[in-house]
Amino acid sequence: MNTAEQHSLRDPVIEVDGLVACYGSRKILDDVSFDVRSGEIMVIMGGSGSGKSTLLRHMLALNRAVSGSIRVFGLEMGGVSSRELHQLRQRMGVSFQNGALFNSLNVEDNVIFPLREHTVLDDNTMRIMARMKLEVVNMAGFEKLMPAQLSGGMAKRTALARAIVMDPKLLFFDEPSAGLDPVVSADLDELILRLRDAMDVSIVVVTHELDSAFRIADRILVLDKGKVLIIGTVDEVKNSDNERVQNLLNRRSEDVIVDPDEYMQRLTDELIGL
Amino acid sequence: MYPVEENGGYSVVHLTGEVDLNCSPEARKVILECLRRNTPLLIDLSAVTHIDSSGIASLVEGYQVSRTLKLDFGLVGVSERAMSVLRLARLDQVFPIFASIEERLKPDPSQDV
Ligand SMILES: Nc1ncnc2c1ncn2[C@@H]1O[C@H](COP(=O)(O)OP(=O)(O)O)[C@@H](O)[C@H]1O
């Protein structure tokens with residue numbers, strides 16, 4: 001049995017069913033359905049503007065759905081109370097592309113921050129927890145550096161340490177390897193895999209980077225203009241004979257696919273009509 | 001409250017159940033209280049179903065204090081699951097870890113593999 005098959009036997013951590021999302025009158029996600037199983041790494045891909053970030057925001061209950069449902073740890077995001085959401089967030093770690101570190105706090109205090117927010121642990125305990133996570137991400141010895149002194153890769157690893165400091169059972173990454181050179185990016189992928197195995201955490205990664213997606217994914221979901229184009233294992237996606245999937249796979253990451261309708265809409269949205 | 005027994009000159013702290021954000025402050029308190037009595041310490045994890053990093057942090061702090069006081073310290077009954085959590089932060093190479101209390105209390109443990 002491969003890992004994807006093993007995970008398919010496990011409980012879903014996220015269940016998205018018929019999700020429709022809009023900004024104003026514009027439909028951004030259209031009937032999106034999938035689940036993320038316990039311990040699985042699900043990579044969400046798609047061209048720029050395909051709705052990846054919007055989907056992520058819905059899974060984090062930052063946006064409200066127009067219709068359809070999203071359950072996280074069995075909890076319906078549509079009807080969740082702020083208290084439930086607070087508890088839920090303690091079990092989720094988030095590392096956003098621009099989820100910047102606090103510039104006025106050093107590395108260690110950045111990592112401790114969620115513990116101070118959410119727990120009443122002894123200061124010694126919090127400090128040790130933060131240092132352990134800095135060891136995990138190979139940032140030991142850099143505790144006292146300020147964010148401005150860090151390289152891109154170091155900043156990402158610090159943000160990752162902060163995202164996992166509460167031992168989340170669900171971890172979200174937005175573009176983990178954006179702006180990193182290939183070696184650093186491969187290291188980060190290695191780290192993501194190691195975390196999954198040791199912490200038994202489910203991970204949702206949004207990325208443009210094919211190499212990275214193929215290295216870490218158990219399953220890949222490809223969004224195209226707000227719809228699920230394909231969802232499957234790495235091999236299933238690689239071997240898909242869908243033309244749009246192949247376009248996405250063969251495209252160099254710096255290319256941008258222009259969708260004429262969408263482009264025109266962007267240029268002319270909200271113009272006053274005749 | 002976690003049970004503590006005296007055995008062969010050691011205090012043995014039996015941690016149980018889930019040692020998580022809610023319970024690790026209690027574990028920490030019990031461990032540090034034992035060390036204040038200046039006895040060598042064994043921490044039995046065999047009845048622990050889950051230990052999170054706040055629990056591990058309490059063990060780290062206990063170990064650090066016992067090193068300062070030059071008191072013997074060891075973990076016993078570490079499950080495979082707990083081991084993988086220790087391994088992630090390379091703490092498996094730091095803590096003295098024994099299969100069981102009996103193994104640690106054998107007359108000459110240094111001869112044992
Ligand atoms: N806050 C917003 N208000 C209005 N439109 C938005 C907003 N955020 C994103 N969009 C639009 O929604 C579409 C999907 O965006 P997004 O989810 O960011 O896609 P991706 O992450 O795949 O690039 C885009 O056309 C974008 O312009």
# chains A, B, ... in the order shown; residues from 1 in each chain; ligands from 1
$ residues_around --residues "Arg91 in chain A" --least-positions-apart "5" --cutoff "7 Å" --atoms "only C-alpha atoms" --output "PyMOL selection string"
chain A and resi 168-170
$ write_last_selection --atoms "N, CA, C and O atoms" --output "PDB file, in the first residue's frame"
ATOM      1  N   PRO A 168       0.569  21.745  16.329  1.00  0.00           N
ATOM      2  CA  PRO A 168      -0.714  21.695  15.631  1.00  0.00           C
ATOM      3  C   PRO A 168      -0.962  20.326  15.012  1.00  0.00           C
ATOM      4  O   PRO A 168      -0.021  19.583  14.734  1.00  0.00           O
ATOM      5  N   LYS A 169      -2.231  20.012  14.811  1.00  0.00           N
ATOM      6  CA  LYS A 169      -2.607  18.778  14.114  1.00  0.00           C
ATOM      7  C   LYS A 169      -2.912  19.085  12.655  1.00  0.00           C
ATOM      8  O   LYS A 169      -3.148  18.185  11.858  1.00  0.00           O
ATOM      9  N   LEU A 170      -2.926  20.375  12.339  1.00  0.00           N
ATOM     10  CA  LEU A 170      -3.206  20.798  10.970  1.00  0.00           C
ATOM     11  C   LEU A 170      -2.347  22.022  10.679  1.00  0.00           C
ATOM     12  O   LEU A 170      -2.315  22.958  11.466  1.00  0.00           O
TER      13      LEU A 170
END
$ residues_around --residues "range 69-86 of chain B" --least-positions-apart "6" --cutoff "7 Å" --atoms "only C-alpha atoms" --output "ChimeraX atom specification"
/A:198-199 /B:39-46,51,63,92,95-101
$ write_last_selection --atoms "N, CA and C atoms" --output "PDB file, in the first residue's frame"
ATOM      1  N   ALA A 198       6.920  12.909  12.101  1.00  0.00           N
ATOM      2  CA  ALA A 198       7.149  12.897  13.546  1.00  0.00           C
ATOM      3  C   ALA A 198       5.960  13.446  14.328  1.00  0.00           C
ATOM      4  N   MET A 199       5.260  14.427  13.759  1.00  0.00           N
ATOM      5  CA  MET A 199       4.189  15.074  14.522  1.00  0.00           C
ATOM      6  C   MET A 199       2.818  14.560  14.122  1.00  0.00           C
TER       7      MET A 199
ATOM      8  N   THR B  39      16.767  14.055  45.451  1.00  0.00           N
ATOM      9  CA  THR B  39      16.891  12.629  45.156  1.00  0.00           C
ATOM     10  C   THR B  39      17.070  12.450  43.656  1.00  0.00           C
ATOM     11  N   PRO B  40      17.837  11.399  43.280  1.00  0.00           N
ATOM     12  CA  PRO B  40      17.902  11.074  41.860  1.00  0.00           C
ATOM     13  C   PRO B  40      16.507  10.696  41.359  1.00  0.00           C
ATOM     14  N   LEU B  41      16.285  10.899  40.065  1.00  0.00           N
ATOM     15  CA  LEU B  41      14.923  10.848  39.551  1.00  0.00           C
ATOM     16  C   LEU B  41      14.799   9.948  38.329  1.00  0.00           C
ATOM     17  N   LEU B  42      13.745   9.122  38.355  1.00  0.00           N
ATOM     18  CA  LEU B  42      13.360   8.407  37.146  1.00  0.00           C
ATOM     19  C   LEU B  42      11.952   8.846  36.772  1.00  0.00           C
ATOM     20  N   ILE B  43      11.738   9.081  35.518  1.00  0.00           N
ATOM     21  CA  ILE B  43      10.402   9.456  35.070  1.00  0.00           C
ATOM     22  C   ILE B  43       9.854   8.333  34.221  1.00  0.00           C
ATOM     23  N   ASP B  44       8.772   7.759  34.706  1.00  0.00           N
ATOM     24  CA  ASP B  44       8.172   6.611  34.040  1.00  0.00           C
ATOM     25  C   ASP B  44       7.075   7.099  33.093  1.00  0.00           C
ATOM     26  N   LEU B  45       7.291   6.860  31.820  1.00  0.00           N
ATOM     27  CA  LEU B  45       6.327   7.329  30.817  1.00  0.00           C
ATOM     28  C   LEU B  45       5.454   6.186  30.278  1.00  0.00           C
ATOM     29  N   SER B  46       5.565   5.003  30.905  1.00  0.00           N
ATOM     30  CA  SER B  46       4.903   3.847  30.288  1.00  0.00           C
ATOM     31  C   SER B  46       3.382   3.967  30.263  1.00  0.00           C
ATOM     32  N   ILE B  51       2.308  12.630  24.757  1.00  0.00           N
ATOM     33  CA  ILE B  51       3.025  13.730  25.394  1.00  0.00           C
ATOM     34  C   ILE B  51       3.315  14.776  24.325  1.00  0.00           C
ATOM     35  N   TYR B  63      15.575  17.649  33.673  1.00  0.00           N
ATOM     36  CA  TYR B  63      16.912  17.103  33.422  1.00  0.00           C
ATOM     37  C   TYR B  63      17.981  18.163  33.662  1.00  0.00           C
ATOM     38  N   ASP B  92      16.449  12.441  21.712  1.00  0.00           N
ATOM     39  CA  ASP B  92      16.743  11.034  22.003  1.00  0.00           C
ATOM     40  C   ASP B  92      18.233  10.854  22.280  1.00  0.00           C
ATOM     41  N   PHE B  95      18.624  12.740  26.422  1.00  0.00           N
ATOM     42  CA  PHE B  95      18.109  12.129  27.647  1.00  0.00           C
ATOM     43  C   PHE B  95      18.704  10.735  27.876  1.00  0.00           C
ATOM     44  N   PRO B  96      19.054  10.417  29.132  1.00  0.00           N
ATOM     45  CA  PRO B  96      19.329   9.019  29.460  1.00  0.00           C
ATOM     46  C   PRO B  96      17.998   8.264  29.435  1.00  0.00           C
ATOM     47  N   ILE B  97      17.918   7.250  28.588  1.00  0.00           N
ATOM     48  CA  ILE B  97      16.663   6.520  28.403  1.00  0.00           C
ATOM     49  C   ILE B  97      16.874   5.042  28.704  1.00  0.00           C
ATOM     50  N   PHE B  98      16.009   4.475  29.524  1.00  0.00           N
ATOM     51  CA  PHE B  98      16.109   3.064  29.918  1.00  0.00           C
ATOM     52  C   PHE B  98      14.811   2.344  29.597  1.00  0.00           C
ATOM     53  N   ALA B  99      14.945   1.044  29.333  1.00  0.00           N
ATOM     54  CA  ALA B  99      13.768   0.268  28.947  1.00  0.00           C
ATOM     55  C   ALA B  99      12.752   0.203  30.090  1.00  0.00           C
ATOM     56  N   SER B 100      13.259   0.050  31.322  1.00  0.00           N
ATOM     57  CA  SER B 100      12.337  -0.106  32.452  1.00  0.00           C
ATOM     58  C   SER B 100      13.005   0.365  33.736  1.00  0.00           C
ATOM     59  N   ILE B 101      12.205   0.508  34.758  1.00  0.00           N
ATOM     60  CA  ILE B 101      12.738   0.892  36.067  1.00  0.00           C
ATOM     61  C   ILE B 101      13.723  -0.168  36.546  1.00  0.00           C
TER      62      ILE B 101
END
$ interface_residues --of "chain A" --to "chain B" --cutoff "6 Å" --atoms "only C-alpha atoms" --output "list in words"
Thr125, Ile128, Met129, Met132, Glu135, Val136 and Ala198 of chain A
$ residues_near_ligand --ligand "ligand 1" --cutoff "8 Å" --atoms "only C-alpha atoms and all ligand atoms" --output "number ranges by chain"
A: 22-24, 26, 28-29, 45-56, 223, 225-226, 262, 266
$ atom_distance --atom1 "CA of Val48 in chain B" --atom2 "CA of Glu18 in chain B"
6.1 Å
$ select_by_dssp --residues "range 2-74 of chain B" --states "helix (DSSP H, G or I)" --output "count of residues only"
29
$ select_by_dssp --residues "range 72-107 of chain B" --states "strand (DSSP E)" --output "JSON, numbers by chain"
{"B": [73, 74, 75, 76, 97, 98]}
$ residues_around --residues "range 212-218 of chain A" --least-positions-apart "5" --cutoff "7 Å" --atoms "only C-alpha atoms" --output "number ranges by chain"
A: 3-4, 40-43, 189, 193, 233-234
$ atom_distance --atom1 "CA of Pro182 in chain A" --atom2 "CA of Asp211 in chain A"
9.3 Å
$ decode --residues "range 112-142 of chain A" --atoms "N, CA, C and O atoms" --output "compact mmCIF listing (two decimals), in the first residue's frame"
# COMPACT_ATOMS: atom_id res chain seq x y z
N ILE A 112 7.88 32.18 20.44
CA ILE A 112 7.13 32.05 21.70
C ILE A 112 5.75 32.72 21.61
O ILE A 112 4.82 32.33 22.31
N PHE A 113 5.64 33.68 20.71
CA PHE A 113 4.44 34.53 20.68
C PHE A 113 3.10 33.78 20.80
O PHE A 113 2.28 34.13 21.66
N PRO A 114 2.86 32.73 19.99
CA PRO A 114 1.56 32.04 20.11
C PRO A 114 1.36 31.40 21.49
O PRO A 114 0.22 31.32 21.97
N LEU A 115 2.45 30.99 22.13
CA LEU A 115 2.33 30.38 23.46
C LEU A 115 1.88 31.43 24.47
O LEU A 115 1.05 31.16 25.33
N ARG A 116 2.44 32.63 24.35
CA ARG A 116 2.03 33.70 25.26
C ARG A 116 0.57 34.07 25.03
O ARG A 116 -0.17 34.40 25.96
N GLU A 117 0.15 34.02 23.76
CA GLU A 117 -1.24 34.36 23.42
C GLU A 117 -2.23 33.34 23.95
O GLU A 117 -3.32 33.69 24.38
N HIS A 118 -1.88 32.06 23.81
CA HIS A 118 -2.87 31.00 24.00
C HIS A 118 -2.69 30.17 25.27
O HIS A 118 -3.55 29.38 25.60
N THR A 119 -1.56 30.28 25.95
CA THR A 119 -1.36 29.40 27.09
C THR A 119 -0.95 30.20 28.32
O THR A 119 -0.62 31.39 28.23
N VAL A 120 -0.97 29.52 29.46
CA VAL A 120 -0.51 30.14 30.70
C VAL A 120 0.68 29.35 31.24
O VAL A 120 0.88 29.24 32.44
N LEU A 121 1.46 28.79 30.32
CA LEU A 121 2.60 27.97 30.74
C LEU A 121 3.67 28.83 31.40
O LEU A 121 3.76 30.04 31.17
N ASP A 122 4.46 28.17 32.22
CA ASP A 122 5.60 28.83 32.84
C ASP A 122 6.55 29.36 31.77
O ASP A 122 6.70 28.77 30.70
N ASP A 123 7.19 30.47 32.07
CA ASP A 123 8.08 31.09 31.10
C ASP A 123 9.22 30.14 30.67
O ASP A 123 9.58 30.09 29.49
N ASN A 124 9.76 29.37 31.63
CA ASN A 124 10.81 28.40 31.28
C ASN A 124 10.31 27.39 30.27
O ASN A 124 11.00 27.06 29.30
N THR A 125 9.10 26.88 30.52
CA THR A 125 8.52 25.88 29.62
C THR A 125 8.37 26.47 28.21
O THR A 125 8.76 25.84 27.22
N MET A 126 7.86 27.68 28.14
CA MET A 126 7.66 28.30 26.82
C MET A 126 8.99 28.48 26.10
O MET A 126 9.10 28.23 24.90
N ARG A 127 9.99 28.90 26.86
CA ARG A 127 11.30 29.13 26.24
C ARG A 127 11.89 27.82 25.70
O ARG A 127 12.41 27.77 24.59
N ILE A 128 11.77 26.76 26.49
CA ILE A 128 12.30 25.46 26.03
C ILE A 128 11.52 24.98 24.80
O ILE A 128 12.11 24.48 23.84
N MET A 129 10.19 25.15 24.83
CA MET A 129 9.38 24.72 23.69
C MET A 129 9.80 25.45 22.41
O MET A 129 9.93 24.85 21.35
N ALA A 130 10.02 26.75 22.54
CA ALA A 130 10.44 27.53 21.37
C ALA A 130 11.80 27.06 20.87
O ALA A 130 12.03 26.87 19.67
N ARG A 131 12.73 26.83 21.81
CA ARG A 131 14.08 26.40 21.40
C ARG A 131 14.06 25.03 20.77
O ARG A 131 14.82 24.76 19.84
N MET A 132 13.19 24.14 21.27
CA MET A 132 13.10 22.81 20.65
C MET A 132 12.65 22.94 19.21
O MET A 132 13.18 22.29 18.32
N LYS A 133 11.69 23.82 18.95
CA LYS A 133 11.19 23.97 17.58
C LYS A 133 12.24 24.65 16.71
O LYS A 133 12.35 24.36 15.52
N LEU A 134 13.04 25.52 17.31
CA LEU A 134 14.13 26.13 16.52
C LEU A 134 15.20 25.09 16.18
O LEU A 134 15.79 25.13 15.11
N GLU A 135 15.40 24.12 17.09
CA GLU A 135 16.29 22.99 16.76
C GLU A 135 15.73 22.21 15.57
O GLU A 135 16.47 21.85 14.66
N VAL A 136 14.43 21.96 15.62
CA VAL A 136 13.80 21.16 14.57
C VAL A 136 13.99 21.80 13.19
O VAL A 136 14.24 21.12 12.21
N VAL A 137 13.88 23.11 13.14
CA VAL A 137 13.99 23.79 11.84
C VAL A 137 15.43 24.25 11.56
O VAL A 137 15.66 25.04 10.65
N ASN A 138 16.38 23.73 12.33
CA ASN A 138 17.79 24.09 12.15
C ASN A 138 18.06 25.58 12.29
O ASN A 138 18.78 26.18 11.50
N MET A 139 17.44 26.17 13.30
CA MET A 139 17.70 27.57 13.59
C MET A 139 18.32 27.73 14.98
O MET A 139 18.31 28.83 15.54
N ALA A 140 18.85 26.64 15.51
CA ALA A 140 19.47 26.71 16.83
C ALA A 140 20.65 27.67 16.77
O ALA A 140 21.40 27.69 15.80
N GLY A 141 20.80 28.47 17.80
CA GLY A 141 21.92 29.40 17.86
C GLY A 141 21.59 30.78 17.30
O GLY A 141 22.37 31.71 17.43
N PHE A 142 20.43 30.90 16.68
CA PHE A 142 20.05 32.19 16.08
C PHE A 142 18.93 32.87 16.86
O PHE A 142 18.27 33.78 16.36
